[in-house]
$ cat final37.cif   # mmCIF, C-alpha atoms
data_final
loop_
_atom_site.label_atom_id
_atom_site.label_comp_id
_atom_site.auth_asym_id
_atom_site.auth_seq_id
_atom_site.Cartn_x
_atom_site.Cartn_y
_atom_site.Cartn_z
CA THR A 1 -10.92 -19.03 -24.48
CA ILE A 2 -8.41 -18.06 -21.82
CA GLN A 3 -5.77 -17.31 -24.46
CA THR A 4 -8.16 -14.97 -26.26
CA LYS A 5 -8.93 -13.14 -23.02
CA VAL A 6 -5.22 -12.79 -22.22
CA LYS A 7 -4.54 -11.37 -25.69
CA SER A 8 -7.46 -8.96 -25.27
CA VAL A 9 -6.14 -7.72 -21.93
CA LYS A 10 -2.64 -7.26 -23.38
CA MET A 11 -4.02 -5.34 -26.35
CA THR A 12 -6.08 -3.11 -24.06
CA LYS A 13 -3.01 -2.34 -21.93
CA PHE A 14 -0.94 -1.64 -25.03
CA ILE A 15 -3.54 0.84 -26.29
CA GLN A 16 -3.67 2.49 -22.86
CA LEU A 17 0.13 2.81 -22.88
CA GLU A 18 0.17 4.38 -26.34
CA GLU A 19 -2.59 6.87 -25.52
CA ALA A 20 -1.04 7.93 -22.20
CA GLU A 21 2.38 8.20 -23.82
CA LYS A 22 1.07 10.42 -26.62
CA ARG A 23 -0.61 12.78 -24.12
CA LEU A 24 2.57 13.17 -22.07
CA VAL A 25 4.81 13.64 -25.12
CA LEU A 26 2.50 16.35 -26.45
CA GLN A 27 2.60 18.03 -23.04
CA LEU A 28 6.41 17.95 -23.10
CA GLN A 29 6.57 19.42 -26.58
CA SER A 30 4.14 22.18 -25.64
CA ILE A 31 6.20 23.18 -22.58
CA GLU A 32 9.49 23.07 -24.50
CA GLN A 33 8.06 25.35 -27.19
CA ALA A 34 6.50 27.76 -24.70
CA GLU A 35 9.57 28.02 -22.46
CA GLU A 36 12.14 27.63 -25.26
CA SER A 37 14.10 25.30 -23.01
CA LYS A 38 14.72 21.57 -22.62
CA THR A 39 15.74 21.91 -18.97
CA HIS A 40 12.82 23.94 -17.59
CA MET A 41 11.43 22.71 -14.26
CA LEU A 42 7.93 22.47 -15.76
CA LEU A 43 9.17 19.51 -17.79
CA VAL A 44 9.81 17.40 -14.69
CA ASN A 45 6.23 16.27 -14.04
CA PRO A 46 5.42 15.01 -17.56
CA LEU A 47 8.83 13.31 -17.73
CA LEU A 48 8.17 11.59 -14.42
CA GLY A 49 4.77 10.62 -15.77
CA LEU A 50 6.48 8.90 -18.70
CA LEU A 51 9.00 7.18 -16.43
CA ARG A 52 6.24 5.75 -14.24
CA LEU A 53 4.29 4.76 -17.33
CA TYR A 54 7.21 2.72 -18.66
CA GLN A 55 7.46 0.98 -15.30
CA GLU A 56 3.75 0.24 -15.09
CA TYR A 57 3.51 -1.17 -18.62
CA ARG A 58 6.91 -2.87 -18.73
CA ASP A 59 5.24 -6.27 -19.07
CA GLN A 60 3.99 -5.19 -22.52
CA ASN A 61 7.48 -4.75 -23.98
CA ALA A 62 10.25 -4.84 -21.39
CA GLN A 63 13.11 -3.87 -23.69
CA ALA A 64 11.27 -0.99 -25.39
CA CYS A 65 10.07 0.40 -22.04
CA LYS A 66 13.60 0.12 -20.62
CA GLU A 67 15.11 1.99 -23.57
CA LYS A 68 12.44 4.70 -23.50
CA GLY A 69 12.77 4.96 -19.74
CA GLU A 70 16.53 5.45 -19.97
CA ARG A 71 16.03 8.26 -22.50
CA VAL A 72 13.67 9.93 -20.03
CA VAL A 73 16.25 9.38 -17.26
CA LYS A 74 18.90 11.15 -19.34
CA HIS A 75 16.57 14.13 -19.82
CA LEU A 76 15.67 14.24 -16.13
CA LEU A 77 19.33 14.20 -15.09
CA GLU A 78 20.00 17.12 -17.44
CA ILE A 79 17.24 19.07 -15.68
CA HIS A 80 18.68 18.09 -12.30
CA ALA A 81 22.12 19.33 -13.38
CA ALA A 82 20.56 22.68 -14.31
CA HIS A 83 18.47 22.97 -11.12
CA PRO A 84 20.15 20.83 -8.40
CA ASP A 85 18.43 22.57 -5.49
CA ASP A 86 14.95 22.37 -7.00
CA ALA A 87 14.99 19.04 -8.86
CA TRP A 88 16.47 16.79 -6.18
CA THR A 89 13.41 14.51 -6.21
CA VAL A 90 14.44 13.53 -9.75
CA LEU A 91 17.27 11.43 -8.30
CA ARG A 92 14.82 9.52 -6.12
CA GLU A 93 12.58 8.73 -9.08
CA VAL A 94 15.52 7.64 -11.26
CA PHE A 95 16.78 5.44 -8.44
CA GLU A 96 13.36 3.81 -8.16
CA PHE A 97 13.24 3.27 -11.92
CA TYR A 98 16.53 1.40 -11.93
CA ARG A 99 15.47 -0.57 -8.87
CA TYR A 100 12.25 -1.56 -10.62
CA ILE A 101 14.02 -2.81 -13.75
CA SER A 102 16.72 -4.54 -11.63
CA GLU A 103 19.66 -2.51 -12.94
CA HIS A 104 21.50 -2.92 -9.64
CA ASP A 105 24.74 -1.08 -10.42
CA LYS A 106 22.95 2.00 -11.77
CA CYS A 107 20.46 1.74 -8.92
CA LEU A 108 23.24 1.88 -6.32
CA GLU A 109 24.99 4.72 -8.14
CA LEU A 110 21.82 6.82 -8.25
CA GLY A 111 20.87 5.83 -4.71
CA LYS A 112 24.18 7.11 -3.39
CA ARG A 113 23.84 10.32 -5.40
CA TYR A 114 20.34 10.78 -4.02
CA LEU A 115 21.60 10.23 -0.46
CA GLU A 116 24.42 12.74 -0.93
CA GLU A 117 21.95 15.27 -2.32
CA ILE A 118 19.60 14.88 0.65
CA GLU A 119 22.52 15.20 3.07
CA ARG A 120 23.68 18.36 1.28
CA LEU A 121 20.24 19.96 1.29
CA PHE A 122 18.93 18.91 4.70
CA GLY A 123 21.93 17.78 6.75
CA LYS A 124 23.46 14.35 7.41
CA ASN A 125 21.35 13.76 10.52
CA SER A 126 18.04 15.03 9.19
CA LEU A 127 14.98 12.79 9.13
CA GLN A 128 14.83 13.17 5.32
CA VAL A 129 18.01 11.09 5.09
CA VAL A 130 16.30 7.99 6.53
CA ALA A 131 14.31 7.04 3.42
CA PRO A 132 17.33 6.88 1.05
CA LEU A 133 19.34 5.04 3.70
CA ILE A 134 16.65 2.37 3.99
CA ALA A 135 16.27 2.17 0.21
CA LEU A 136 20.01 1.61 -0.23
CA GLY A 137 19.98 -0.98 2.54
CA LEU A 138 17.20 -2.90 0.80
CA VAL A 139 18.98 -2.82 -2.56
CA LEU A 140 22.25 -4.06 -1.06
CA ASN A 141 20.40 -6.79 0.82
CA SER A 142 18.80 -8.00 -2.43
CA GLN A 143 22.31 -8.26 -3.91
CA GLY A 144 23.72 -10.17 -0.96
CA GLY A 145 25.66 -7.19 0.40
CA TYR A 146 24.44 -7.89 3.91
CA ASN A 147 27.13 -6.12 5.94
CA ALA A 148 26.86 -2.94 3.89
CA SER A 149 23.07 -3.18 4.12
CA ILE A 150 23.21 -3.42 7.91
CA LYS A 151 25.41 -0.31 8.08
CA TYR A 152 22.81 1.74 6.21
CA PHE A 153 20.05 0.43 8.45
CA GLU A 154 22.08 1.20 11.57
CA GLN A 155 22.58 4.77 10.38
CA ALA A 156 18.86 5.08 9.63
CA LEU A 157 18.05 3.66 13.06
CA ALA A 158 20.28 6.15 14.91
CA ILE A 159 18.79 9.13 13.04
CA THR A 160 15.22 7.91 13.55
CA LYS A 161 15.75 7.44 17.28
CA GLN A 162 17.33 10.86 17.59
CA SER A 163 14.61 12.59 15.58
CA GLN A 164 11.48 10.76 16.71
CA GLY A 165 12.36 9.06 19.96
CA ALA A 166 13.33 5.47 20.74
CA GLU A 167 9.71 4.30 21.14
CA HIS A 168 8.35 5.63 17.84
CA PRO A 169 6.84 3.10 15.38
CA SER A 170 9.30 4.35 12.73
CA VAL A 171 12.10 2.93 14.87
CA ALA A 172 10.36 -0.45 14.85
CA ALA A 173 10.04 -0.26 11.06
CA VAL A 174 13.80 0.24 10.66
CA LEU A 175 14.46 -2.59 13.12
CA SER A 176 12.26 -4.85 11.01
CA HIS A 177 14.24 -4.05 7.87
CA MET A 178 17.45 -4.78 9.73
CA ALA A 179 16.03 -8.04 11.04
CA GLY A 180 15.15 -9.12 7.52
CA THR A 181 18.75 -8.66 6.42
CA HIS A 182 20.00 -10.63 9.44
CA VAL A 183 17.62 -13.45 8.48
CA ASP A 184 18.87 -13.49 4.89
CA GLN A 185 22.41 -13.53 6.23
CA GLY A 186 21.60 -16.49 8.48
CA ASN A 187 22.22 -14.49 11.66
CA TYR A 188 18.98 -15.53 13.35
CA SER A 189 19.86 -14.47 16.90
CA ALA A 190 20.50 -10.89 15.73
CA ALA A 191 17.32 -10.97 13.63
CA LEU A 192 15.16 -12.15 16.53
CA LYS A 193 16.66 -9.50 18.81
CA CYS A 194 15.62 -6.81 16.29
CA TYR A 195 12.16 -8.32 15.90
CA GLU A 196 11.68 -8.46 19.68
CA GLU A 197 12.59 -4.79 20.01
CA ALA A 198 10.25 -3.90 17.14
CA LEU A 199 7.45 -5.97 18.62
CA ALA A 200 7.71 -4.24 22.00
CA ILE A 201 7.57 -0.82 20.33
CA TYR A 202 4.60 -1.71 18.14
CA LYS A 203 2.65 -3.13 21.10
CA GLN A 204 3.35 -0.07 23.22
CA ALA A 205 2.72 2.53 20.53
CA LEU A 206 -0.03 0.93 18.44
CA GLY A 207 -1.69 -1.71 20.61
CA GLU A 208 -1.52 -5.50 20.57
CA THR A 209 -4.13 -5.91 17.84
CA HIS A 210 -2.40 -3.68 15.29
CA PRO A 211 -1.45 -5.31 11.95
CA SER A 212 2.21 -4.38 12.51
CA VAL A 213 2.21 -6.52 15.64
CA ALA A 214 0.78 -9.48 13.72
CA ALA A 215 3.28 -8.99 10.88
CA THR A 216 6.19 -8.94 13.32
CA LEU A 217 4.98 -12.12 15.04
CA ASN A 218 4.74 -13.82 11.65
CA ASN A 219 8.26 -12.68 10.81
CA MET A 220 9.54 -14.06 14.08
CA ALA A 221 7.86 -17.41 13.42
CA ALA A 222 9.45 -17.50 9.96
CA ALA A 223 12.88 -16.76 11.46
CA TYR A 224 12.51 -19.60 13.97
CA ARG A 225 11.44 -21.95 11.16
CA ARG A 226 14.46 -21.04 9.06
CA GLN A 227 16.61 -21.59 12.12
CA GLY A 228 15.06 -25.05 12.44
CA ASP A 229 13.33 -24.35 15.76
CA LEU A 230 9.80 -25.51 14.89
CA PRO A 231 8.48 -25.66 18.49
CA LEU A 232 9.29 -21.96 19.05
CA ALA A 233 7.96 -21.08 15.59
CA ALA A 234 4.64 -22.67 16.52
CA LYS A 235 4.30 -20.32 19.52
CA TYR A 236 4.12 -17.33 17.19
#
$ encode --input "final37.cif" --output "structure tokens"
Amino acid sequence: TIQTKVKSVKMTKFIQLEEAEKRLVLQLQSIEQAEESKTHMLLVNPLLGLLRLYQEYRDQNAQACKEKGERVVKHLLEIHAAHPDDAWTVLREVFEFYRYISEHDKCLELGKRYLEEIERLFGKNSLQVVAPLIALGLVLNSQGGYNASIKYFEQALAITKQSQGAEHPSVAAVLSHMAGTHVDQGNYSAALKCYEEALAIYKQALGETHPSVAATLNNMAAAYRRQGDLPLAAKY
């Protein structure tokens, strides 16, 4: 029966989780014993492996995976505190963990810490800053913080233009994120302006048959539909 198959799949995934978890825990214990340290950089990879594991198998036991994941997060942050210049990617992974489990306050806190760390290491106008800016913008948008979201996207847009040129596809990608927030906010004219700019860049840089062009046209049609302009939506 279908129920039997579902139970079988769940049991298989549970066994996979247990086996993978045991391997990573043994690896951690081996490194801790060899290095006589709980904050050695070699511990980062197996800890990140556990964190991703608890995300991947969260549907098996959401609460248990959350609790185990938060214990891993605590350990990772201790390593980051001991090696801030070498373990900065830890903050990104912790941010993604909290975003995945929808812990929005912790997600924003870690996202801002991650952004500050990138700015400290690479400079406030470096291209490396763009990814955390976009990530924070997306999180704020999902929480309804549209104005704050737009500010992060605008900062990401300015840096991307400066670093890669105004006609680079990465500029169009940031414009698309910004457009999405404008749509959610109900500011359709601003959204369509962003989509039109993105569309022009994609066509010029990638060609009119590129999937990014099609995706942008679909987004524009959806924006017109939400605005109530069905005739214009049909043109896209």
$ resolve_selection --input "final37.cif" --expression "the PyMOL selection byres ((chain A and resi 129) around 10)" --output "list in words"
Tyr114, Leu115, Glu116, Glu117, Ile118, Glu119, Arg120, Leu121, Phe122, Gly123, Lys124, Asn125, Ser126, Leu127, Gln128, Val130, Ala131, Pro132, Leu133, Ile134, Gln155, Ala156, Ile159 and Thr160 of chain A
$ closest_residue --input "final37.cif" --among "A:Ser189, A:Leu206, A:Ala200, A:Leu108" --to "Asp229 of chain A" --atoms "only C-alpha atoms"
A:Ser189
$ closest_residue --input "final37.cif" --among "A:Ser30, A:Ser142, A:Gln16, A:Thr39" --to "Gly180 of chain A" --atoms "only C-alpha atoms"
A:Ser142
$ residues_around --input "final37.cif" --residues "Leu28 of chain A" --least-positions-apart "2" --cutoff "9 Å" --atoms "all atoms listed in the file" --output "ChimeraX atom specification"
/A:23-26,30-33,42-43,46-47
$ closest_residue --input "final37.cif" --among "A:Val171, A:Lys68, A:Ser102, A:Gln185" --to "Asn141 of chain A" --atoms "all atoms listed in the file"
A:Gln185
